[in-house]
>>> print(open('run-v6.cif').read())   # mmCIF, C-alpha atoms
data_data
loop_
_atom_site.label_atom_id
_atom_site.label_comp_id
_atom_site.auth_asym_id
_atom_site.auth_seq_id
_atom_site.Cartn_x
_atom_site.Cartn_y
_atom_site.Cartn_z
CA MET A 1 23.84 14.10 12.04
CA ALA A 2 20.77 11.91 11.67
CA ALA A 3 21.45 8.26 10.91
CA ARG A 4 20.67 7.22 7.36
CA LEU A 5 19.94 3.81 5.95
CA GLY A 6 22.22 2.87 3.08
CA VAL A 7 21.67 0.68 0.06
CA GLY A 8 22.55 -3.00 0.36
CA ALA A 9 26.03 -4.08 -0.69
CA GLY A 10 27.08 -7.08 -2.71
CA ALA A 11 27.65 -10.58 -1.38
CA ALA A 12 29.46 -13.75 -2.40
CA GLY A 13 29.17 -14.91 -5.96
CA GLY A 14 30.30 -11.75 -7.72
CA VAL A 15 31.06 -9.25 -4.96
CA GLY A 16 29.21 -5.99 -5.56
CA GLU A 17 27.04 -7.50 -8.28
CA CYS A 18 24.38 -9.41 -6.31
CA ILE A 19 21.06 -7.67 -5.91
CA LEU A 20 20.11 -7.97 -2.26
CA GLU A 21 17.21 -5.56 -2.21
CA PRO A 22 14.06 -5.11 -4.34
CA LEU A 23 14.32 -2.69 -7.25
CA SER A 24 11.65 -0.62 -8.99
CA LEU A 25 11.38 0.44 -12.60
CA PRO A 26 11.09 4.18 -13.37
CA GLU A 27 7.55 5.47 -13.01
CA SER A 28 5.81 8.35 -14.82
CA PRO A 29 5.52 11.21 -13.22
CA GLY A 30 12.10 20.97 1.85
CA GLY A 31 14.35 19.61 4.39
CA VAL A 32 13.09 17.21 7.03
CA VAL A 33 12.27 19.39 9.99
CA ALA A 34 11.92 18.34 13.58
CA VAL A 35 8.40 17.45 14.66
CA GLU A 36 6.87 20.48 16.36
CA SER A 37 5.96 20.20 20.02
CA SER A 38 2.30 19.41 20.53
CA PRO A 39 0.06 22.32 21.67
CA SER A 40 -1.63 22.11 25.06
CA VAL A 41 -5.36 21.59 25.55
CA PRO A 42 -7.17 22.67 28.73
CA CYS A 43 -9.60 20.63 30.74
CA ILE A 44 -13.19 21.71 30.13
CA PHE A 45 -13.79 22.23 33.87
CA CYS A 46 -10.48 23.16 35.53
CA GLU A 47 -7.09 24.73 34.84
CA GLU A 48 -5.30 21.48 34.04
CA TYR A 49 -3.53 21.41 30.65
CA TYR A 50 -2.38 18.40 28.64
CA PRO A 51 -0.35 18.21 25.40
CA LEU A 52 -2.56 17.48 22.42
CA SER A 53 -0.51 14.36 21.83
CA GLU A 54 -1.68 13.14 25.26
CA GLN A 55 -5.36 13.48 24.44
CA ASP A 56 -6.17 10.17 26.12
CA GLN A 57 -4.74 11.44 29.41
CA LEU A 58 -6.99 14.50 29.27
CA LEU A 59 -10.04 12.34 28.56
CA LYS A 60 -9.10 10.08 31.46
CA HIS A 61 -8.72 13.11 33.73
CA MET A 62 -12.19 14.45 32.80
CA ILE A 63 -13.81 11.07 33.41
CA ILE A 64 -12.18 10.48 36.80
CA GLU A 65 -12.21 14.01 38.17
CA HIS A 66 -15.28 15.52 36.51
CA LYS A 67 -17.39 12.51 35.47
CA LEU A 68 -17.58 13.71 31.84
CA VAL A 69 -17.57 11.22 28.96
CA ILE A 70 -17.20 12.47 25.35
CA ALA A 71 -18.72 9.99 22.91
CA ASP A 72 -16.99 9.07 19.64
CA VAL A 73 -14.10 11.41 20.34
CA ARG A 74 -12.14 9.95 17.42
CA LEU A 75 -14.72 11.53 15.08
CA VAL A 76 -13.91 15.03 16.32
CA ALA A 77 -11.91 16.71 13.57
CA ASP A 78 -10.30 19.36 15.79
CA PHE A 79 -10.16 18.22 19.40
CA GLU A 80 -8.59 21.45 20.69
CA ARG A 81 -11.32 23.71 19.25
CA TYR A 82 -13.98 21.26 20.34
CA VAL A 83 -12.78 21.40 23.98
CA LEU A 84 -12.44 25.20 23.96
CA TYR A 85 -15.99 25.56 22.61
CA TRP A 86 -17.54 23.43 25.31
CA LYS A 87 -15.37 24.98 28.02
CA LYS A 88 -16.99 28.32 27.17
CA ARG A 89 -20.51 26.90 26.87
CA PHE A 90 -20.33 25.12 30.24
CA THR A 91 -19.60 28.46 31.90
CA GLU A 92 -22.76 29.91 30.36
CA GLN A 93 -25.26 27.15 31.17
CA PRO A 94 -25.46 24.12 33.50
CA ILE A 95 -23.89 20.93 32.18
CA THR A 96 -27.24 19.13 32.47
CA ASP A 97 -28.58 21.37 29.68
CA PHE A 98 -26.22 19.67 27.26
CA CYS A 99 -25.38 16.22 28.59
CA SER A 100 -27.30 13.06 29.34
CA VAL A 101 -26.94 11.94 32.95
CA ILE A 102 -25.89 8.34 33.56
CA ARG A 103 -26.26 7.13 37.14
CA THR A 104 -24.04 4.27 38.27
CA ASN A 105 -24.63 2.01 41.28
CA SER A 106 -28.27 3.05 41.20
CA GLU A 107 -29.26 0.34 43.66
CA ALA A 108 -26.62 1.31 46.22
CA ARG A 109 -26.95 3.89 48.93
CA LEU A 110 -27.24 7.50 47.77
CA GLU A 111 -23.71 8.46 48.88
CA GLU A 112 -22.26 5.54 46.86
CA GLN A 113 -24.00 6.50 43.63
CA ASP A 114 -22.23 8.47 40.89
CA ASN A 115 -23.61 10.63 38.11
CA TYR A 116 -21.69 10.65 34.84
CA PHE A 117 -22.37 13.14 32.05
CA LEU A 118 -22.41 12.00 28.42
CA LEU A 119 -21.63 14.59 25.73
CA CYS A 120 -22.47 13.23 22.27
CA ASP A 121 -23.78 14.22 18.85
CA VAL A 122 -27.35 13.31 19.77
CA LEU A 123 -27.39 16.90 20.97
CA PRO A 124 -28.00 18.99 17.80
CA GLU A 125 -25.53 21.65 18.96
CA ASP A 126 -22.79 19.06 19.38
CA ARG A 127 -23.58 17.50 16.02
CA LEU A 128 -23.44 20.89 14.30
CA LEU A 129 -20.16 21.72 16.02
CA ARG A 130 -18.56 18.46 14.87
CA GLU A 131 -19.69 19.01 11.28
CA GLN A 132 -18.42 22.61 11.25
CA LEU A 133 -15.04 21.52 12.62
CA GLN A 134 -14.87 18.81 9.98
CA GLN A 135 -15.60 21.27 7.17
CA LYS A 136 -13.10 23.78 8.52
CA ARG A 137 -10.40 21.14 8.84
CA LEU A 138 -11.11 19.85 5.31
CA ARG A 139 -10.74 23.37 3.86
CA GLU A 140 -7.46 23.87 5.71
CA ILE A 141 -6.11 20.49 4.61
CA LEU A 142 -7.06 21.03 0.96
CA GLU A 143 -5.40 24.45 0.99
CA GLN A 144 -2.28 22.94 2.56
CA GLN A 145 -2.24 20.12 0.03
CA GLN A 146 -2.58 22.61 -2.83
CA ARG A 147 0.38 24.63 -1.54
CA GLU A 148 2.54 21.53 -1.21
CA ARG A 149 1.63 20.19 -4.67
CA TYR A 150 2.91 23.33 -6.37
CA ASP A 151 5.72 24.16 -3.95
CA THR A 152 9.06 24.45 -5.75
CA THR A 153 11.09 25.34 -2.65
CA PHE A 154 10.92 21.83 -1.15
CA CYS A 155 14.29 20.50 -0.01
CA SER A 156 14.94 17.20 1.72
CA THR A 157 17.33 14.26 1.90
CA CYS A 158 16.30 10.71 1.05
CA LEU A 159 15.45 8.56 4.09
CA PHE A 160 17.65 5.73 2.81
CA CYS A 161 20.62 7.42 1.16
CA ASP A 162 22.44 10.77 1.20
CA THR A 163 20.87 12.10 -1.99
CA GLU A 164 19.34 15.55 -1.56
CA PHE A 165 16.29 16.64 -3.55
CA THR A 166 15.03 20.14 -4.23
CA GLY A 167 12.07 21.44 -6.17
CA ASN A 168 8.89 19.43 -5.83
CA ARG A 169 8.24 16.76 -3.18
CA SER A 170 7.18 14.23 -5.83
CA VAL A 171 10.82 13.97 -6.96
CA LEU A 172 11.85 12.60 -3.56
CA PHE A 173 8.91 10.20 -3.21
CA ASN A 174 9.40 8.86 -6.74
CA HIS A 175 13.12 8.39 -6.03
CA MET A 176 12.40 6.37 -2.85
CA ALA A 177 9.84 4.25 -4.71
CA ARG A 178 12.12 3.64 -7.70
CA GLU A 179 15.50 3.23 -6.03
CA HIS A 180 14.59 1.85 -2.61
CA ALA A 181 11.19 0.17 -3.23
CA PHE A 182 9.70 2.42 -0.52
CA ASN A 183 6.25 3.38 -1.73
CA VAL A 184 3.88 5.46 0.40
CA GLY A 185 1.39 6.10 -2.39
CA LEU A 186 0.96 8.96 -4.81
CA PRO A 187 2.63 12.19 -3.63
CA ASP A 188 -0.54 14.14 -4.45
CA ASN A 189 -2.43 12.09 -1.83
CA ILE A 190 -0.06 13.17 0.95
CA VAL A 191 -0.48 16.27 3.08
CA ASN A 192 1.85 17.85 5.69
CA CYS A 193 4.74 16.28 3.83
CA ASN A 194 7.57 17.68 5.97
CA GLU A 195 5.97 16.47 9.17
CA PHE A 196 5.37 13.06 7.58
CA LEU A 197 9.03 12.75 6.59
CA ALA A 198 10.10 13.91 10.05
CA VAL A 199 8.01 11.18 11.71
CA LEU A 200 9.51 8.53 9.43
CA GLN A 201 13.05 9.82 9.97
CA LYS A 202 12.57 9.82 13.75
CA LYS A 203 11.55 6.16 13.63
CA LEU A 204 14.57 5.25 11.51
CA ASP A 205 16.87 7.25 13.81
CA SER A 206 15.40 5.23 16.69
CA LEU A 207 16.31 2.04 14.77
CA GLN A 208 12.65 1.13 14.39
CA CYS A 209 11.27 -0.78 11.40
CA LEU A 210 8.63 1.32 9.63
CA TYR A 211 6.38 -1.68 8.96
CA CYS A 212 6.53 -4.15 11.86
CA GLU A 213 7.77 -1.38 14.22
CA ARG A 214 10.32 -3.61 15.95
CA THR A 215 13.46 -1.94 17.30
CA PHE A 216 16.95 -3.22 16.37
CA ARG A 217 20.39 -2.86 17.92
CA ASP A 218 22.05 -0.98 15.07
CA LYS A 219 21.24 0.54 11.70
CA ASN A 220 22.87 -2.26 9.68
CA THR A 221 20.66 -4.86 11.34
CA LEU A 222 17.62 -2.67 10.72
CA LYS A 223 18.65 -2.14 7.09
CA ASP A 224 19.06 -5.90 6.49
CA HIS A 225 15.75 -6.66 8.21
CA MET A 226 13.76 -4.16 6.14
CA ARG A 227 15.38 -5.37 2.94
CA LYS A 228 15.06 -9.13 3.51
CA LYS A 229 11.55 -8.96 4.97
CA GLN A 230 10.48 -6.42 2.33
CA HIS A 231 9.42 -4.09 5.13
CA ARG A 232 10.24 -0.93 3.21
CA LYS A 233 6.72 0.36 3.62
CA ILE A 234 4.64 1.89 6.37
CA ASN A 235 2.18 0.05 8.57
CA ALA A 236 -1.28 0.89 7.20
CA LYS A 237 -2.84 -0.13 10.53
CA ASN A 238 -0.91 2.55 12.41
CA ARG A 239 -3.34 5.45 12.94
CA GLU A 240 -0.41 7.80 13.43
CA TYR A 241 -0.09 8.05 9.64
CA ASP A 242 -3.78 8.78 8.96
CA ARG A 243 -3.33 12.54 9.30
CA PHE A 244 -0.86 12.56 6.40
CA TYR A 245 -3.33 11.18 3.82
CA ILE A 246 -6.03 13.38 2.31
CA ILE A 247 -8.57 10.52 2.15
CA ASN A 248 -8.93 10.57 5.94
CA TYR A 249 -10.36 14.10 5.84
CA LEU A 250 -12.90 13.67 3.06
CA GLU A 251 -15.91 12.22 4.93
CA PHE A 252 -17.09 13.14 8.40
CA GLY A 253 -16.19 10.46 10.94
CA LYS A 254 -14.79 7.93 8.43
CA SER A 255 -11.30 6.52 8.06
CA TRP A 256 -9.71 5.49 4.77
CA GLU A 257 -10.58 1.84 5.50
CA GLU A 258 -14.27 2.64 5.94
CA VAL A 259 -14.35 4.75 2.78
CA GLN A 260 -12.71 1.96 0.77
CA SER A 261 -15.01 -0.73 2.21
CA GLU A 262 -18.04 1.37 1.20
CA ASP A 263 -16.68 1.63 -2.32
CA ASP A 264 -16.33 -2.17 -2.42
CA ARG A 265 -19.90 -2.64 -1.16
CA ASP A 266 -21.18 -0.31 -3.86
CA LEU A 267 -19.57 -2.56 -6.46
CA LEU A 268 -21.11 -5.68 -4.94
CA ASP A 269 -24.56 -4.08 -4.64
CA ASN A 270 -24.71 -3.40 -8.39
CA PRO A 271 -23.78 -6.70 -10.09
CA GLU A 272 -25.81 -5.83 -13.18
CA GLU A 273 -24.23 -2.43 -13.68
CA ASP A 274 -23.36 -1.60 -17.27
CA TRP A 275 -19.60 -1.79 -17.82
CA SER A 276 -19.73 -1.03 -21.54
CA ASP A 277 -17.87 2.25 -21.01
CA TRP A 278 -15.06 0.59 -19.06
CA GLU A 279 -11.63 1.85 -20.00
CA GLU A 280 -8.58 -0.10 -18.84
CA HIS A 281 -5.65 1.75 -17.36
CA PRO A 282 -2.53 1.72 -19.54
CA VAL A 283 -0.04 -1.04 -18.77
CA HIS A 284 3.01 1.27 -18.81
CA ALA A 285 5.35 -1.66 -19.54
CA VAL A 286 9.06 -0.78 -19.63
CA CYS A 287 11.50 -2.00 -22.27
CA LEU A 288 14.03 -4.65 -21.25
CA PHE A 289 16.94 -2.59 -22.61
CA CYS A 290 16.06 1.10 -22.22
CA GLU A 291 13.75 3.42 -20.30
CA GLN A 292 11.05 3.45 -23.00
CA GLN A 293 7.52 3.02 -21.59
CA VAL A 294 4.50 2.07 -23.68
CA ASP A 295 0.80 1.57 -22.98
CA THR A 296 0.41 -1.99 -24.31
CA THR A 297 2.54 -5.12 -24.47
CA GLU A 298 2.02 -5.22 -28.24
CA GLN A 299 3.70 -1.83 -28.54
CA LEU A 300 6.47 -2.99 -26.22
CA HIS A 301 7.20 -6.10 -28.32
CA LEU A 302 7.23 -3.94 -31.46
CA HIS A 303 9.57 -1.39 -29.85
CA MET A 304 12.07 -4.03 -28.68
CA GLN A 305 12.03 -5.66 -32.10
CA GLU A 306 12.52 -2.44 -34.09
CA ALA A 307 14.78 -0.49 -31.71
CA HIS A 308 16.93 -3.32 -30.33
CA GLY A 309 16.45 -6.32 -32.63
CA PHE A 310 15.05 -8.45 -29.79
CA ASP A 311 11.96 -10.53 -30.58
CA LEU A 312 10.59 -11.95 -27.34
CA LEU A 313 7.59 -13.57 -29.02
CA LYS A 314 9.84 -15.35 -31.52
CA ILE A 315 12.12 -16.62 -28.74
CA LYS A 316 9.09 -17.87 -26.84
CA SER A 317 7.72 -19.66 -29.91
CA GLU A 318 11.00 -21.22 -31.10
CA ASN A 319 11.94 -22.49 -27.64
CA GLY A 320 8.41 -23.44 -26.56
CA LEU A 321 8.78 -21.44 -23.35
CA LYS A 322 6.15 -22.05 -20.72
CA PHE A 323 4.87 -19.22 -18.57
CA TYR A 324 7.33 -19.58 -15.69
CA GLN A 325 10.24 -20.00 -18.11
CA GLN A 326 9.28 -16.65 -19.64
CA VAL A 327 9.17 -15.13 -16.16
CA LYS A 328 12.66 -16.41 -15.38
CA LEU A 329 14.02 -15.22 -18.73
CA VAL A 330 12.63 -11.69 -18.26
CA ASN A 331 13.97 -11.49 -14.70
CA PHE A 332 17.35 -12.79 -15.86
CA ILE A 333 17.62 -10.18 -18.62
CA ARG A 334 16.45 -7.42 -16.27
CA ARG A 335 19.13 -8.35 -13.75
CA GLU A 336 21.94 -8.56 -16.29
CA ILE A 337 21.00 -5.20 -17.81
CA HIS A 338 20.72 -3.64 -14.34
CA GLN A 339 24.27 -4.84 -13.60
CA SER A 340 25.48 -3.49 -17.00
CA ARG A 341 26.62 -6.92 -18.12
CA CYS A 342 26.16 -8.52 -21.53
CA TYR A 343 24.30 -11.78 -21.04
CA SER A 344 25.82 -13.24 -24.20
CA CYS A 345 29.58 -12.62 -23.79
CA ARG A 346 29.46 -11.77 -20.02
CA GLU A 347 31.50 -8.57 -20.55
CA LYS A 348 30.77 -5.87 -17.97
CA PHE A 349 30.49 -2.15 -18.78
CA GLN A 350 30.59 1.11 -16.87
CA SER A 351 27.06 2.14 -17.83
CA LYS A 352 23.89 0.78 -19.41
CA ILE A 353 24.38 3.05 -22.43
CA GLU A 354 27.77 1.45 -23.18
CA LEU A 355 26.28 -2.01 -22.63
CA ILE A 356 23.34 -1.52 -25.00
CA SER A 357 25.60 0.04 -27.64
CA HIS A 358 27.88 -3.02 -27.42
CA MET A 359 25.00 -5.51 -27.57
CA GLU A 360 23.40 -3.81 -30.58
CA GLU A 361 26.69 -3.51 -32.51
CA THR A 362 27.69 -7.13 -31.88
CA LYS A 363 24.09 -8.42 -32.23
CA HIS A 364 24.50 -10.02 -28.81
CA ILE A 365 20.96 -8.93 -27.89
CA ALA A 366 19.54 -11.74 -30.01
CA PHE A 367 21.94 -14.40 -28.66
CA LEU A 368 20.71 -15.81 -25.37
CA PRO A 369 23.00 -17.97 -23.23
CA ALA A 370 22.28 -21.65 -22.61
CA THR A 371 18.90 -22.35 -21.00
CA SER A 372 20.62 -23.70 -17.89
CA THR A 373 22.08 -20.22 -17.27
CA TRP A 374 18.76 -18.43 -16.83
CA ASP A 375 16.30 -21.28 -16.11
CA GLN A 376 17.16 -21.17 -12.41
CA PRO A 377 14.88 -20.90 -9.32
CA GLN A 378 16.45 -17.57 -8.31
CA TYR A 379 14.85 -15.93 -11.34
CA TYR A 380 11.34 -16.75 -10.16
CA PHE A 381 11.64 -13.54 -8.14
CA PRO A 382 11.20 -10.26 -10.00
CA THR A 383 14.22 -8.03 -10.41
CA TYR A 384 11.90 -5.01 -10.26
CA GLU A 385 8.88 -5.16 -7.97
CA ASN A 386 6.67 -3.13 -10.31
CA ASP A 387 7.57 -4.94 -13.54
CA THR A 388 4.21 -4.98 -15.35
CA LEU A 389 5.67 -6.94 -18.26
CA LEU A 390 5.55 -10.04 -16.03
CA CYS A 391 1.79 -9.65 -15.65
CA ALA A 392 1.31 -9.55 -19.42
CA LEU A 393 3.14 -12.78 -20.26
CA SER A 394 1.02 -15.60 -21.68
CA ASP A 395 1.41 -19.35 -21.42
CA SER A 396 1.95 -21.26 -24.65
CA GLU A 397 0.21 -24.27 -23.09
CA ASP A 398 -2.94 -22.17 -22.62
CA GLU A 399 -2.99 -21.36 -26.31
CA VAL A 400 -2.47 -25.02 -27.26
CA THR A 401 -5.24 -26.07 -24.92
CA ALA A 402 -7.56 -23.49 -26.42
CA GLU A 403 -6.82 -24.81 -29.91
CA ASN A 404 -7.44 -28.40 -28.82
CA GLN A 405 -10.80 -27.45 -27.34
CA LYS A 406 -11.94 -26.20 -30.73
CA GLU A 407 -11.51 -29.68 -32.25
CA GLU A 408 -14.23 -32.30 -31.98
CA ILE A 409 -13.61 -34.67 -29.10
CA PRO A 410 -15.00 -38.16 -29.74
CA VAL A 411 -17.34 -39.44 -27.00
CA ILE A 412 -17.44 -43.20 -26.49
CA SER A 413 -20.84 -44.30 -25.17
CA GLU A 414 -21.24 -46.87 -22.43
CA ASP A 415 -22.14 -50.40 -23.50
CA ILE A 416 -25.70 -50.97 -22.18
CA SER A 417 -26.60 -53.99 -24.31
CA SER A 418 -26.58 -56.31 -21.28
CA LEU A 419 -28.14 -53.81 -18.87
CA LYS A 420 -30.81 -56.28 -17.63
CA ALA A 421 -28.19 -58.92 -16.76
CA LEU A 422 -26.08 -56.24 -15.10
CA LYS A 423 -28.96 -55.25 -12.84
CA GLN A 424 -29.67 -58.84 -11.83
CA SER A 425 -26.01 -59.54 -10.94
CA SER A 426 -25.49 -56.21 -9.16
CA ILE A 427 -24.27 -56.44 -5.57
CA LEU A 428 -26.67 -53.62 -4.71
CA ASN A 429 -29.57 -55.68 -5.99
CA GLN A 430 -28.48 -58.64 -3.84
CA LEU A 431 -28.25 -56.44 -0.72
CA LEU A 432 -31.71 -55.05 -1.41
CA CYS A 433 -33.17 -58.55 -1.67
CA GLU A 434 -31.55 -59.56 1.61
CA GLU A 435 -32.94 -56.45 3.31
CA ASN A 436 -36.47 -57.23 2.09
CA SER A 437 -36.29 -60.85 3.21
CA ASN A 438 -35.29 -59.74 6.75
#
>>> encode(input="run-v6.cif", output="structure tokens")
Amino acid sequence: MAARLGVGAGAAGGVGECILEPLSLPESPGGVVAVESSPSVPCIFCEEYYPLSEQDQLLKHMIIEHKLVIADVRLVADFERYVLYWKKRFTEQPITDFCSVIRTNSEARLEEQDNYFLLCDVLPEDRLLREQLQQKRLREILEQQQRERYDTTFCSTCLFCDTEFTGNRSVLFNHMAREHAFNVGLPDNIVNCNEFLAVLQKKLDSLQCLYCERTFRDKNTLKDHMRKKQHRKINAKNREYDRFYIINYLEFGKSWEEVQSEDDRDLLDNPEEDWSDWEEHPVHAVCLFCEQQVDTTEQLHLHMQEAHGFDLLKIKSENGLKFYQQVKLVNFIRREIHQSRCYSCREKFQSKIELISHMEETKHIAFLPATSTWDQPQYYFPTYENDTLLCALSDSEDEVTAENQKEEIPVISEDISSLKALKQSSILNQLLCEENSN
């Protein structure tokens, strides 16, 4: 049975109630199979075969044994088909018809000189082959992605708990993002999902952190490390994951980093571009007391006031809460609700539904505890990592400052009535006179 990473348990100070791992708010909206063995690829010149996963060894073999160098091999979309094509072509015509010849040790004696052959896309046939392989791979990947997006037979177990998910793959990825703060991006951007999950599971079974890729002595140590260091994410610099993201197949010879950097340059190159048609993405802020999501903070404040009798703006105004006090208050309420505990009377309930029903009936929602209870440094840290309500809070001091700036500020002018006497008695004037006299 493959090892699974569990959810963090409670610690001192209310055993079972402390939150020791990041949480995520709900977001809008296939078993893990073993990684297949890598196919073998032949040498272009001889009968040697190497697993596709050992591509570098094959390239090394062809350089040492056959003096062949393939330029920009990382830009070849399908290395196996590329090698098979040129293996056939080199049997039809001499290698010098296709490759540039690079002579090393040209000043040495003839027997000490070596000729290396460079195969690159300067050759039109090679360039055409690379582009055709890229287009073929892109079609295959898009077809695969389409099948996975609408596949309803997917079945897999969560990487971090024993929950099994069936239906669509997005259900599993959204669960891991929401419950375990493990976000690998939008499910629709992922391709070869089962293989991706198998790679991740193999790393976890090997007690390897998915982000820093360090190996630990047991799964509990690994679990604590990933939670405390917030390493529940993959290493974007690891090229092993590139094949699982559709963006890496879109442009010939470009990785996701290069595509994104080009997008950024396009923005910088057009500073005067008209942004009049700009449309902001919805905030999707989540209510403090239920799962209701709205597009604007104004709608959220109105919902909490009408549905729950909680007026955050009024509390902020009456108590003169500064920005970071608001942050701590929101995080405090989020944590108490997550733990199904009334923050007014401290009574604990079996579910959030029972808690909210109690708080609404007793009007405890509107009765906050003493400021010293929630105005604590621990509540600087968000209860939910993706809590967009925190980004929409405003500082009362900013509003006061803005009001003050509207008023006329008196300017007191400098007294220059004795400017002539000031110049004559100036120490700078005395130094200048001394300099002239010398």
>>> closest_residue(input="run-v6.cif", among="A:Gln146, A:Ser357, A:Thr383, A:Thr388", to="Arg335 (chain A)", atoms="all atoms listed in the file")
A:Thr383
>>> resolve_selection(input="run-v6.cif", expression="the PyMOL selection byres ((chain A and resi 115-119) around 12)", output="PyMOL selection string")
chain A and resi 44+62-73+82-83+86+90+94-106+110-114+120-127+130
>>> residues_around(input="run-v6.cif", residues="Arg341 (chain A)", least_positions_apart="6", cutoff="10 Å", atoms="all atoms listed in the file", output="PyMOL selection string")
chain A and resi 17+333+335+347-352+354-356+359
>>> closest_residue(input="run-v6.cif", among="A:Cys391, A:Val171, A:Leu142, A:Leu129", to="Cys155 (chain A)", atoms="all atoms listed in the file")
A:Val171
>>> atom_distance(input="run-v6.cif", atom1="CA of Thr157 (chain A)", atom2="CA of Gln292 (chain A)")
27.9 Å
>>> atom_distance(input="run-v6.cif", atom1="CA of Leu389 (chain A)", atom2="CA of Ala285 (chain A)")
5.4 Å
>>> closest_residue(input="run-v6.cif", among="A:Arg149, A:Cys287, A:Ile141, A:Thr166", to="Phe244 (chain A)", atoms="all atoms listed in the file")
A:Ile141
>>> closest_residue(input="run-v6.cif", among="A:Ile234, A:His303, A:Lys314, A:Tyr379", to="Gly185 (chain A)", atoms="all atoms listed in the file")
A:Ile234
>>> resolve_selection(input="run-v6.cif", expression="the PyMOL selection byres ((chain A and resi 218) around 12)", output="PDB file with C-alpha atoms, in the coordinates of the input")
ATOM      1  CA  ALA A   3      21.450   8.260  10.910  1.00  0.00           C
ATOM      2  CA  ARG A   4      20.670   7.220   7.360  1.00  0.00           C
ATOM      3  CA  LEU A   5      19.940   3.810   5.950  1.00  0.00           C
ATOM      4  CA  LEU A 204      14.570   5.250  11.510  1.00  0.00           C
ATOM      5  CA  ASP A 205      16.870   7.250  13.810  1.00  0.00           C
ATOM      6  CA  SER A 206      15.400   5.230  16.690  1.00  0.00           C
ATOM      7  CA  LEU A 207      16.310   2.040  14.770  1.00  0.00           C
ATOM      8  CA  GLN A 208      12.650   1.130  14.390  1.00  0.00           C
ATOM      9  CA  CYS A 209      11.270  -0.780  11.400  1.00  0.00           C
ATOM     10  CA  THR A 215      13.460  -1.940  17.300  1.00  0.00           C
ATOM     11  CA  PHE A 216      16.950  -3.220  16.370  1.00  0.00           C
ATOM     12  CA  ARG A 217      20.390  -2.860  17.920  1.00  0.00           C
ATOM     13  CA  LYS A 219      21.240   0.540  11.700  1.00  0.00           C
ATOM     14  CA  ASN A 220      22.870  -2.260   9.680  1.00  0.00           C
ATOM     15  CA  THR A 221      20.660  -4.860  11.340  1.00  0.00           C
ATOM     16  CA  LEU A 222      17.620  -2.670  10.720  1.00  0.00           C
ATOM     17  CA  LYS A 223      18.650  -2.140   7.090  1.00  0.00           C
ATOM     18  CA  ASP A 224      19.060  -5.900   6.490  1.00  0.00           C
ATOM     19  CA  HIS A 225      15.750  -6.660   8.210  1.00  0.00           C
TER      20      HIS A 225
END
>>> residues_around(input="run-v6.cif", residues="region 190-196 of chain A", least_positions_apart="4", cutoff="12 Å", atoms="all atoms listed in the file", output="MDAnalysis selection string")
chainID A and resid 30:37 138 140:149 151 154:157 159 168:170 172:173 183:186 200:203 234 240:249
>>> write_last_selection(input="run-v6.cif", atoms="C-alpha atoms", output="short mmCIF file (atom, residue, chain, number, x, y, z; two decimals), keeping the file's coordinate frame")
data_model
loop_
_atom_site.label_atom_id
_atom_site.label_comp_id
_atom_site.auth_asym_id
_atom_site.auth_seq_id
_atom_site.Cartn_x
_atom_site.Cartn_y
_atom_site.Cartn_z
CA GLY A 30 12.10 20.97 1.85
CA GLY A 31 14.35 19.61 4.39
CA VAL A 32 13.09 17.21 7.03
CA VAL A 33 12.27 19.39 9.99
CA ALA A 34 11.92 18.34 13.58
CA VAL A 35 8.40 17.45 14.66
CA GLU A 36 6.87 20.48 16.36
CA SER A 37 5.96 20.20 20.02
CA LEU A 138 -11.11 19.85 5.31
CA GLU A 140 -7.46 23.87 5.71
CA ILE A 141 -6.11 20.49 4.61
CA LEU A 142 -7.06 21.03 0.96
CA GLU A 143 -5.40 24.45 0.99
CA GLN A 144 -2.28 22.94 2.56
CA GLN A 145 -2.24 20.12 0.03
CA GLN A 146 -2.58 22.61 -2.83
CA ARG A 147 0.38 24.63 -1.54
CA GLU A 148 2.54 21.53 -1.21
CA ARG A 149 1.63 20.19 -4.67
CA ASP A 151 5.72 24.16 -3.95
CA PHE A 154 10.92 21.83 -1.15
CA CYS A 155 14.29 20.50 -0.01
CA SER A 156 14.94 17.20 1.72
CA THR A 157 17.33 14.26 1.90
CA LEU A 159 15.45 8.56 4.09
CA ASN A 168 8.89 19.43 -5.83
CA ARG A 169 8.24 16.76 -3.18
CA SER A 170 7.18 14.23 -5.83
CA LEU A 172 11.85 12.60 -3.56
CA PHE A 173 8.91 10.20 -3.21
CA ASN A 183 6.25 3.38 -1.73
CA VAL A 184 3.88 5.46 0.40
CA GLY A 185 1.39 6.10 -2.39
CA LEU A 186 0.96 8.96 -4.81
CA LEU A 200 9.51 8.53 9.43
CA GLN A 201 13.05 9.82 9.97
CA LYS A 202 12.57 9.82 13.75
CA LYS A 203 11.55 6.16 13.63
CA ILE A 234 4.64 1.89 6.37
CA GLU A 240 -0.41 7.80 13.43
CA TYR A 241 -0.09 8.05 9.64
CA ASP A 242 -3.78 8.78 8.96
CA ARG A 243 -3.33 12.54 9.30
CA PHE A 244 -0.86 12.56 6.40
CA TYR A 245 -3.33 11.18 3.82
CA ILE A 246 -6.03 13.38 2.31
CA ILE A 247 -8.57 10.52 2.15
CA ASN A 248 -8.93 10.57 5.94
CA TYR A 249 -10.36 14.10 5.84
#
>>> atom_distance(input="run-v6.cif", atom1="CA of Arg137 (chain A)", atom2="CA of Glu80 (chain A)")
12.0 Å
>>> residues_around(input="run-v6.cif", residues="Ser344 (chain A)", least_positions_apart="5", cutoff="7 Å", atoms="all atoms listed in the file", output="number ranges by chain")
A: 364, 367-369
